[in-house]
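Structure file structure27.txt; described as compact mmCIF, C-alpha atoms.
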```txt
# COMPACT_ATOMS: atom_id res chain seq x y z
CA ASP A 1 -88.64 8.22 58.04
CA GLU A 2 -85.80 5.69 58.03
CA PHE A 3 -87.96 3.19 56.14
CA GLN A 4 -88.42 5.71 53.33
CA ASP A 5 -84.71 6.48 53.06
CA PRO A 6 -83.30 5.27 49.70
CA ARG A 7 -80.29 3.83 51.54
CA LEU A 8 -82.58 1.12 52.94
CA SER A 9 -83.24 -0.25 49.46
CA GLU A 10 -79.49 -0.22 48.77
CA ALA A 11 -78.37 -1.89 52.03
CA ASN A 12 -76.96 -5.42 51.91
CA LEU A 13 -77.71 -6.12 55.59
CA VAL A 14 -80.37 -4.62 57.86
CA HIS A 15 -80.52 -5.36 61.60
CA LEU A 16 -83.54 -4.10 63.53
CA ASN A 17 -83.52 -4.49 67.30
CA LEU A 18 -87.06 -3.31 67.86
CA PRO A 19 -90.17 -5.19 68.95
CA VAL A 20 -91.78 -7.30 66.23
CA GLN A 21 -95.15 -8.95 66.80
CA LEU A 22 -95.80 -12.00 64.63
CA ASP A 23 -99.50 -12.87 64.82
CA LEU A 24 -99.87 -16.49 63.72
CA ALA A 25 -103.69 -16.40 63.69
CA ASP A 26 -103.93 -13.20 61.63
CA PRO A 27 -100.68 -12.50 59.76
CA GLU A 28 -102.04 -9.12 58.60
CA GLN A 29 -101.81 -7.94 62.22
CA SER A 30 -98.08 -8.72 62.37
CA SER A 31 -96.05 -5.55 62.75
CA LEU A 32 -92.82 -3.74 63.55
CA GLU A 33 -93.25 -1.53 66.63
CA LEU A 34 -91.60 1.85 66.20
CA SER A 35 -90.97 4.68 68.64
CA GLU A 36 -93.54 7.39 69.34
CA PRO A 37 -93.85 9.90 66.48
CA GLY A 38 -94.58 12.55 69.13
CA ARG A 39 -94.96 12.84 72.87
CA GLY A 40 -98.06 11.03 74.15
CA GLN A 41 -99.06 9.62 70.73
CA GLY A 42 -98.17 6.02 71.50
CA ARG A 43 -95.83 3.81 69.57
CA ALA A 44 -96.28 3.66 65.81
CA ARG A 45 -96.56 0.30 64.03
CA LEU A 46 -95.69 -0.81 60.52
CA PHE A 47 -97.99 -3.64 59.50
CA SER A 48 -97.50 -6.40 56.95
CA ALA A 49 -99.47 -4.40 54.36
CA ASP A 50 -96.99 -1.52 54.78
CA ILE A 51 -94.02 -3.82 54.28
CA ARG A 52 -95.50 -5.32 51.11
CA GLN A 53 -95.25 -1.87 49.54
CA TRP A 54 -91.46 -1.81 49.92
CA SER A 55 -88.97 -2.74 47.26
CA VAL A 56 -85.82 -3.72 49.12
CA SER A 57 -83.02 -6.13 48.36
CA PRO A 58 -80.78 -6.76 51.39
CA ALA A 59 -79.21 -10.19 51.34
CA LEU A 60 -80.05 -10.45 55.05
CA TRP A 61 -82.59 -8.75 57.31
CA VAL A 62 -82.27 -9.51 61.04
CA LEU A 63 -85.24 -9.06 63.38
CA GLY A 64 -83.71 -8.96 66.85
CA ARG A 65 -86.74 -8.88 69.19
CA SER A 66 -89.67 -10.90 67.86
CA SER A 67 -92.55 -12.39 69.76
CA PHE A 68 -95.21 -14.78 68.48
CA TRP A 69 -98.86 -14.12 69.23
CA ASN A 70 -101.86 -16.44 69.01
CA GLN A 71 -102.06 -19.89 67.47
CA PRO A 72 -102.23 -20.56 63.72
CA VAL A 73 -105.75 -20.95 62.37
CA GLY A 74 -104.89 -24.27 60.75
CA PRO A 75 -102.03 -26.77 60.65
CA TYR A 76 -100.92 -25.69 57.16
CA GLN A 77 -100.68 -21.95 57.67
CA SER A 78 -97.44 -20.94 55.99
CA ARG A 79 -97.48 -17.13 56.10
CA ILE A 80 -95.62 -15.55 59.01
CA GLY A 81 -96.68 -11.94 58.55
CA VAL A 82 -93.70 -9.58 58.55
CA ILE A 83 -91.18 -12.32 57.71
CA THR A 84 -93.05 -13.54 54.63
CA ASP A 85 -93.66 -9.97 53.48
CA LEU A 86 -89.98 -9.02 53.82
CA VAL A 87 -89.00 -11.98 51.64
CA ARG A 88 -91.70 -11.10 49.10
CA SER A 89 -90.50 -7.48 49.00
CA GLY A 90 -87.03 -8.61 47.89
CA VAL A 91 -85.04 -9.56 51.01
CA GLY A 92 -82.82 -12.59 50.40
CA MET A 93 -83.07 -14.11 53.89
CA VAL A 94 -84.67 -13.08 57.18
CA MET A 95 -83.17 -14.07 60.52
CA ASN A 96 -85.75 -13.93 63.27
CA CYS A 97 -84.58 -13.87 66.91
CA ARG A 98 -87.13 -14.24 69.68
CA GLN A 99 -87.34 -11.51 72.29
CA ASN A 100 -87.37 -13.87 75.28
CA GLN A 101 -83.74 -14.94 74.68
CA GLN A 102 -81.97 -11.58 74.34
CA GLU A 103 -78.78 -12.53 76.21
CA ALA A 104 -78.25 -15.84 74.40
CA ASN A 105 -79.17 -14.22 71.08
CA ALA A 106 -76.65 -11.42 71.62
CA GLY A 107 -73.85 -13.96 72.07
CA PHE A 108 -75.05 -15.94 69.08
CA LEU A 109 -75.28 -12.86 66.86
CA THR A 110 -71.78 -11.76 67.86
CA VAL A 111 -70.40 -15.09 66.68
CA PHE A 112 -72.66 -15.07 63.62
CA TYR A 113 -71.48 -11.63 62.46
CA ARG A 114 -67.82 -12.57 63.01
CA ARG A 115 -68.29 -15.71 60.91
CA LEU A 116 -70.18 -13.71 58.28
CA VAL A 117 -67.27 -11.28 57.97
CA ASP A 118 -64.84 -14.22 57.67
CA SER A 119 -66.81 -16.29 55.15
CA GLY A 120 -69.10 -13.79 53.44
CA ARG A 121 -71.77 -16.50 53.37
CA ILE A 122 -74.93 -16.25 55.47
CA ALA A 123 -75.68 -19.98 55.67
CA THR A 124 -72.08 -20.83 56.56
CA ALA A 125 -72.01 -18.17 59.29
CA MET A 126 -75.32 -19.42 60.69
CA ARG A 127 -74.17 -23.05 60.74
CA GLU A 128 -70.87 -22.20 62.42
CA ALA A 129 -72.51 -19.94 65.01
CA VAL A 130 -75.05 -22.67 65.88
CA ARG A 131 -72.26 -25.24 66.25
CA GLN A 132 -70.25 -23.06 68.62
CA GLY A 133 -70.58 -24.46 72.13
CA GLY A 134 -72.27 -22.65 74.97
CA ILE A 135 -74.66 -20.66 72.80
CA ASP A 136 -78.33 -21.54 72.81
CA PRO A 137 -79.95 -19.06 70.44
CA ASP A 138 -83.58 -18.68 69.67
CA CYS A 139 -82.96 -17.46 66.13
CA ALA A 140 -84.18 -18.98 62.88
CA LEU A 141 -83.25 -18.25 59.28
CA PHE A 142 -86.02 -17.93 56.68
CA ALA A 143 -85.29 -17.99 52.96
CA PRO A 144 -87.47 -18.21 49.85
```
Encoded form using structure tokens:
Amino acid sequence: DEFQDPRLSEANLVHLNLPVQLDLADPEQSSLELSEPGRGQGRARLFSADIRQWSVSPALWVLGRSSFWNQPVGPYQSRIGVITDLVRSGVGMVMNCRQNQQEANAGFLTVFYRRLVDSGRIATAMREAVRQGGIDPDCALFAP
């Protein structure tokens, strides 16, 4: 229901800390993994095709727990499922943080958000957070 809430299309920043599967061999199988809609029904998934139906315009969308699946079909595959579809639906930039580095990413994101509040600029906050010593994030910024 949250993804149908009109406030989502009005948000300037969205941070999702839920599992995201990015299938490099078949981007259409990339998805956001949601909680169970009802007891015993299994986790629901929003696929790339679902995301392409959205019209959203946050300046930044953060995916906090992504994992990559499979190998790309060819060396020039440029579509990364959910990430590409978020950008195409109107998101300014997507920050993707890999699930296997949760502790390092948490420290990085703390610094990133502090710098974002100070500067108001996503790229500046990202650069300054990366430069801060002792933080080894596994986050990448995607922009159109």
Skip Gly64 (chain A) itself and residues of its chain fewer than 6 positions away, then list as a list in words all residues within 9 Å of it, counting all atoms listed in the file. His15, Leu16, Asn17, Leu18, Pro19, Val20, Met95, Asn96, Cys97, Arg98, Gln99, Gln102, Asn105, Ala106 and Cys139 of chain A
If you count only C-alpha atoms, the residue of A:Ala140, A:Val56, A:Leu32, A:Ala44 closest to Pro6 (chain A) turns out to be A:Val56
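Remark: for Asp50 (chain A), the closest of the candidate residues A:Leu63, A:Ile122, A:Met93, A:Val82 is A:Val82 (distances computed over only C-alpha atoms).
The closest residue to Tyr113 (chain A), picked from A:Leu60, A:Val91, A:Ala143, A:Ala11 and counting only C-alpha atoms, is A:Leu60.
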Write out as a ChimeraX atom specification the residues lying within 12 Å of Met126 (chain A), counting only C-alpha atoms and excluding same-chain residues fewer than 6 positions away. /A:60,93-95,108-117,119-120,132,137,139-142
If we count all atoms listed in the file and set the cut-off at 9 Å, which residues sit around Pro144 (chain A), ignoring sequence neighbours fewer than 5 positions away in its own chain? Please answer as a PyMOL selection string. chain A and resi 84+87-88+92-93
Quick check, in Å to one decimal: how far apart do CA of Trp69 (chain A) and CA of Asp26 (chain A) lie? 9.2 Å
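The shortest atom-to-atom distance to Glu33 (chain A), with only C-alpha atoms taken into account, belongs to A:Leu46 out of A:Ala123, A:Val130, A:Ala59, A:Leu46.
You will find CA of Ser48 (chain A) at 8.7 Å from CA of Ile83 (chain A).
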Using all atoms of region 52-59 of chain A that appear in the file, construct an axis-aligned enclosing box with 4 Å of padding on every side and provide its centre coordinates and edge lengths in Å, rounded to one decimal, as JSON.
```
{"center_x": -87.4, "center_y": -6.0, "center_z": 49.3, "size_x": 24.3, "size_y": 16.4, "size_z": 12.1}
```
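Taking all atoms listed in the file into account, Trp54 (chain A) lies nearest to A:Leu8 out of the set A:Ala25, A:Leu8, A:Ala125, A:Val73.
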